[in-house]
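Notes follow the structure.
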Amino acid sequence: MKRFSTILACVIGSLLWPVPAAMATAPSRPNIILIMADDMGYSDLGCYGGEIATPHLDALAQGGVRFTQFYNTGRCCPTRASLLTGLYPHQAGIGHMMEDKGLDGYRGDLNTRCVTIAEALRPAGYRTYMVGKWHVTKKVNPAEESGRHNWPLQRGFDRFYGTIHGAGSFFDPNSLTRDNRHISPYADPEYRPDAFYYTDAINDHAARFIADHARDHREQPFLMYVAHTAPHWPMHAKAKDIEKYRGKYDAGYDAIRAARVERMRAMGLIDPRWEIAPQQGGTWDAVKNRAFEIRCMEVFAAMIDCLDQGVGRMVAELKRTGQFDNTLILFFQDNGGCAEGMGRREGDIVPRADQPPLPPLAADYLQPNMIPNQTRDGWPIRQGYGVLPGAADTYHGYGEAWANVSNTPFREYKHWVHEGGIATPLVAHWPAGIRTAPDQTPGRLVRDPAHLIDLMATCVDLSGAVYPREFGGQAIQPMEGVSLRPAFAGQPLDRSQPIFFEHEGNRAVRDGQWKLVAKGPAGRWELYDMIADRTEIQDLSASQPERLGRMVRQWEEWAVRAQVVPWIWRPAYGESAPATPAKKAKRKPTP
């Protein structure tokens, strides 16, 4: 059977349900599409200095605005909680991951003292759609009906296609779900591509929801949340996409990073006066297996390329149905590049057999594992430093050094709240609502600091929704963010409070041009001037003790209010670090 694609959907759609001219008038309130990538670095997109081909996102950036100082929370689950609720993640109950740690800020499930964007906008007449990675509940088994209270349809979305869990094979994802029903990608009568690949499935369903909405609910505006798993490990990509990047990364880490810096300076994304953070994760000269390292980045680039192709299909469907001009598209990321060493252990590599040694899996088999035991056609999953990634029978991350390249020009990675962990592009495109002044070039830059908490406030503002004080009989916490609407008109954001961060004891405050940051539960506070030194090289904590003390107090007051403390880390906040520091533990990769 022919692969479902948006091109095919467009052809069938134009034949079966053409859009009458009278219906081509867009609603007065905008449609809103939130698109999030997973484990992508600040400089991976072409419009942020990267060499990866992202023409569709670049076009949105050129026709809209790019935020240079937009922030996430440094990790997947907290970011999703913050995005969905407009609160800091601890306030929503997800201060860490999907385990209940016995404290209200760390329950591992969205609590009932928050509402999702879908729950806020649906009473205002919006249809609501969600596609992709959910990952804000510990209840992922569809057989447990009582555990579905935090699934998408139970939290305000009208339709859902995606995964409840946080990571898995792109060729055979676990917890794949349509609405409330767990499905196999190989026994799904509603979606039968020639070859299943999860990024395509996400984008195809997003385009399908756009088309269905135009056909069935054109009189209403819509909200759609598209949460990609790409380019989170495993490094899985289609062969034709990998081939496009063959040889692209042969020059190694430093050369790719230097080229990105040059482009970013030319774009005005980074100040030429900033000192670039040093290379982390090793040098190219010391690489033991260059073919393996090169292949890791080729696959990573191919994953992003495929994601961008799907954004193009969504845009094409918006244009075909006459909804493009009055649709606000926001593209961003859940955290910075990921330095976790998934699948990269060194040792003897078992060669691939001539024939699949395991029996094939039935088409209706429901994959239960984040790391499958085998492929559908009987190949065991292979890991190890030297096994070239990309195919369904491999499972790797791309490693610390390439993550450092992704996060150019910043320090650190996912997990940490230095800029490499929390800085994300934000591309905003809305032809009917984002105006470029005559003296401004297209694709202008917005330099105001902003955060995921601002997206709820923006959606409520633009939709005309009323953010509830109560919902389902529960008192609801007030929104923490501010609307980004002024930035769309070239005006400063009306932010009266600093932006705060905490993850795994890593802490930060962003207050205007200043940033306070600490690494780890026992780490000391550092202070940086983000206008002069956004790459966090020159620590000013010793020379500005009054500012340091004031910002520490701001963080401590917020941490109590936002249920960050008491926290689950040791030492507890305020306790002294052990006299003899423990050896740094290896970080266990997590979705």
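Ordering of the structure tokens sets the chain letters (A, B, ...), residue numbers begin anew at 1 in every chain, and ligands are numbered from 1 in the order given.
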Problem set entry | Filtered DSSP result for stretch 224-273 of chain A, state strand (DSSP E or B), as a PyMOL selection string | chain A and resi 224-227+236
Exercise. Do you know which residues are at most 8 Å from A:Ala206 counting only C-alpha atoms, after dropping those on the same chain fewer than 5 positions away, and could you put them as a ChimeraX atom specification?
Worked result: /A:131,224,226,314
Keeping only C-alpha atoms, write those residues as a PDB file, in the first residue's frame.
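Contents of selection_39.pdb, freshly written:
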```pdb
ATOM      1  CA  VAL A 131       0.801  14.808  18.210  1.00  0.00           C
ATOM      2  CA  MET A 224      -2.064  21.974  17.989  1.00  0.00           C
ATOM      3  CA  VAL A 226       3.473  18.837  17.984  1.00  0.00           C
ATOM      4  CA  MET A 314       2.351  21.088   7.741  1.00  0.00           C
TER       5      MET A 314
END
```
Exercise. What's the 7 Å shell around A:Ile242, counting only C-alpha atoms, without same-chain residues fewer than 5 positions away, as a PyMOL selection string?
Worked result: chain A and resi 237+298-299+302
Problem set entry | For A:Ala195, the nearest of the candidates A:Ala239, A:Ala316, A:Val350, A:Val65, counting only C-alpha atoms |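 Going through A:Ala239, A:Ala316, A:Val350, A:Val65 one by one, the smallest distance to A:Ala195 is for A:Ala239.
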Exercise. Using only C-alpha atoms, which residues sit within 10 Å of A:His236 once same-chain residues fewer than 4 positions away are excluded, as a PyMOL selection string?
Worked result: chain A and resi 169-171+197-198+230-232+242+296+299-300+302-303+389-397
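In this model, the gap between atom CA of A:Cys47 and atom CA of A:His503 comes to 28.5 Å.
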For this session: For A:Gly421, work out the shell of residues within 7 Å, counting only C-alpha atoms and skipping chain neighbours fewer than 6 positions away, then give it as a VMD selection string.
Result: chain A and resid 74 335 to 336 412 to 415
Exercise. How many Å separate atom CA of A:Ala53 from atom CA of A:Phe331?
Worked result: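 Between atom CA of A:Ala53 and atom CA of A:Phe331 the gap works out to 15.8 Å.
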Problem set entry | Contacts of stretch 246-262 of chain A within 10 Å, only C-alpha atoms, excl. fewer than 6 positions in-chain, as a ChimeraX atom specification | /A:43-44,46,48-52,269-270,272,276,278-285,287,290-291,293-299,301-302,401-409
Limited to N, CA and C atoms, could you put the picked residues into a file as a compact mmCIF listing (two decimals), in the first residue's frame?
```txt
# COMPACT_ATOMS: atom_id res chain seq x y z
N SER A 43 22.45 25.82 18.14
CA SER A 43 22.95 26.22 16.81
C SER A 43 22.71 25.17 15.74
N ASP A 44 21.83 24.20 15.95
CA ASP A 44 21.65 23.14 14.95
C ASP A 44 20.84 23.58 13.74
N GLY A 46 19.56 25.82 10.60
CA GLY A 46 20.23 26.71 9.67
C GLY A 46 20.04 28.17 10.04
N TYR A 48 19.84 29.46 12.84
CA TYR A 48 20.61 29.78 14.05
C TYR A 48 22.08 29.42 13.88
N GLY A 49 22.54 29.29 12.64
CA GLY A 49 23.96 29.13 12.38
C GLY A 49 24.41 27.75 11.99
N GLY A 50 23.51 26.77 12.00
CA GLY A 50 23.91 25.40 11.71
C GLY A 50 24.04 25.11 10.23
N GLU A 51 24.73 24.02 9.93
CA GLU A 51 24.93 23.57 8.55
C GLU A 51 23.89 22.55 8.11
N ILE A 52 23.02 22.12 9.03
CA ILE A 52 21.96 21.16 8.70
C ILE A 52 20.90 21.85 7.85
N LEU A 269 23.52 36.73 15.98
CA LEU A 269 23.04 35.89 17.09
C LEU A 269 24.00 35.92 18.28
N ILE A 270 25.28 36.10 18.03
CA ILE A 270 26.25 36.18 19.11
C ILE A 270 27.14 37.41 18.88
N PRO A 272 30.42 39.49 18.66
CA PRO A 272 31.82 39.15 18.34
C PRO A 272 32.77 39.30 19.52
N ILE A 276 34.29 32.41 23.14
CA ILE A 276 33.55 31.18 22.90
C ILE A 276 33.94 30.15 23.96
N PRO A 278 35.06 26.87 25.76
CA PRO A 278 36.01 25.88 25.24
C PRO A 278 35.33 24.58 24.83
N GLN A 279 35.97 23.89 23.90
CA GLN A 279 35.46 22.59 23.45
C GLN A 279 35.41 21.62 24.63
N GLN A 280 34.29 20.93 24.76
CA GLN A 280 34.12 19.90 25.79
C GLN A 280 33.91 18.55 25.09
N GLY A 281 34.28 17.48 25.77
CA GLY A 281 34.00 16.14 25.27
C GLY A 281 35.13 15.50 24.48
N GLY A 282 36.29 16.13 24.44
CA GLY A 282 37.42 15.54 23.74
C GLY A 282 37.75 16.26 22.44
N THR A 283 38.93 15.98 21.93
CA THR A 283 39.41 16.60 20.70
C THR A 283 39.31 15.62 19.54
N TRP A 284 39.27 16.17 18.34
CA TRP A 284 39.18 15.34 17.14
C TRP A 284 40.44 14.49 16.96
N ASP A 285 41.59 15.04 17.34
CA ASP A 285 42.85 14.29 17.20
C ASP A 285 42.86 13.03 18.06
N VAL A 287 40.20 11.10 18.76
CA VAL A 287 39.11 10.19 18.46
C VAL A 287 39.66 8.82 18.04
N ARG A 290 37.01 7.37 13.95
CA ARG A 290 36.42 8.53 13.28
C ARG A 290 35.20 8.16 12.45
N ALA A 291 35.21 6.98 11.86
CA ALA A 291 34.06 6.58 11.06
C ALA A 291 32.80 6.54 11.92
N GLU A 293 32.30 8.22 14.86
CA GLU A 293 31.94 9.57 15.30
C GLU A 293 31.30 10.36 14.17
N ILE A 294 31.83 10.25 12.99
CA ILE A 294 31.27 10.96 11.84
C ILE A 294 29.85 10.47 11.57
N ARG A 295 29.67 9.17 11.62
CA ARG A 295 28.36 8.61 11.35
C ARG A 295 27.33 9.08 12.38
N CYS A 296 27.73 9.21 13.64
CA CYS A 296 26.80 9.69 14.67
C CYS A 296 26.23 11.05 14.28
N MET A 297 27.10 11.96 13.86
CA MET A 297 26.62 13.29 13.53
C MET A 297 25.86 13.31 12.20
N GLU A 298 26.24 12.46 11.27
CA GLU A 298 25.48 12.36 10.01
C GLU A 298 24.04 11.93 10.29
N VAL A 299 23.87 10.97 11.19
CA VAL A 299 22.52 10.50 11.52
C VAL A 299 21.75 11.58 12.27
N ALA A 301 22.09 14.79 12.05
CA ALA A 301 21.68 15.80 11.08
C ALA A 301 20.51 15.31 10.24
N ALA A 302 20.54 14.04 9.84
CA ALA A 302 19.46 13.48 9.04
C ALA A 302 18.14 13.50 9.81
N ALA A 401 30.98 15.31 22.73
CA ALA A 401 31.66 16.27 21.87
C ALA A 401 30.73 16.86 20.82
N TRP A 402 29.90 16.00 20.20
CA TRP A 402 28.95 16.52 19.22
C TRP A 402 27.86 17.34 19.91
N ALA A 403 27.48 16.97 21.13
CA ALA A 403 26.51 17.79 21.88
C ALA A 403 27.09 19.18 22.13
N ASN A 404 28.38 19.24 22.40
CA ASN A 404 29.04 20.53 22.57
C ASN A 404 28.98 21.35 21.30
N VAL A 405 29.13 20.69 20.15
CA VAL A 405 28.98 21.38 18.87
C VAL A 405 27.55 21.89 18.71
N SER A 406 26.57 21.06 19.04
CA SER A 406 25.17 21.47 18.94
C SER A 406 24.89 22.72 19.77
N ASN A 407 25.54 22.82 20.93
CA ASN A 407 25.27 23.91 21.85
C ASN A 407 26.15 25.13 21.61
N THR A 408 26.90 25.15 20.53
CA THR A 408 27.73 26.30 20.19
C THR A 408 26.91 27.59 20.34
N PRO A 409 27.45 28.61 21.03
CA PRO A 409 28.80 28.78 21.56
C PRO A 409 28.88 28.57 23.07
```
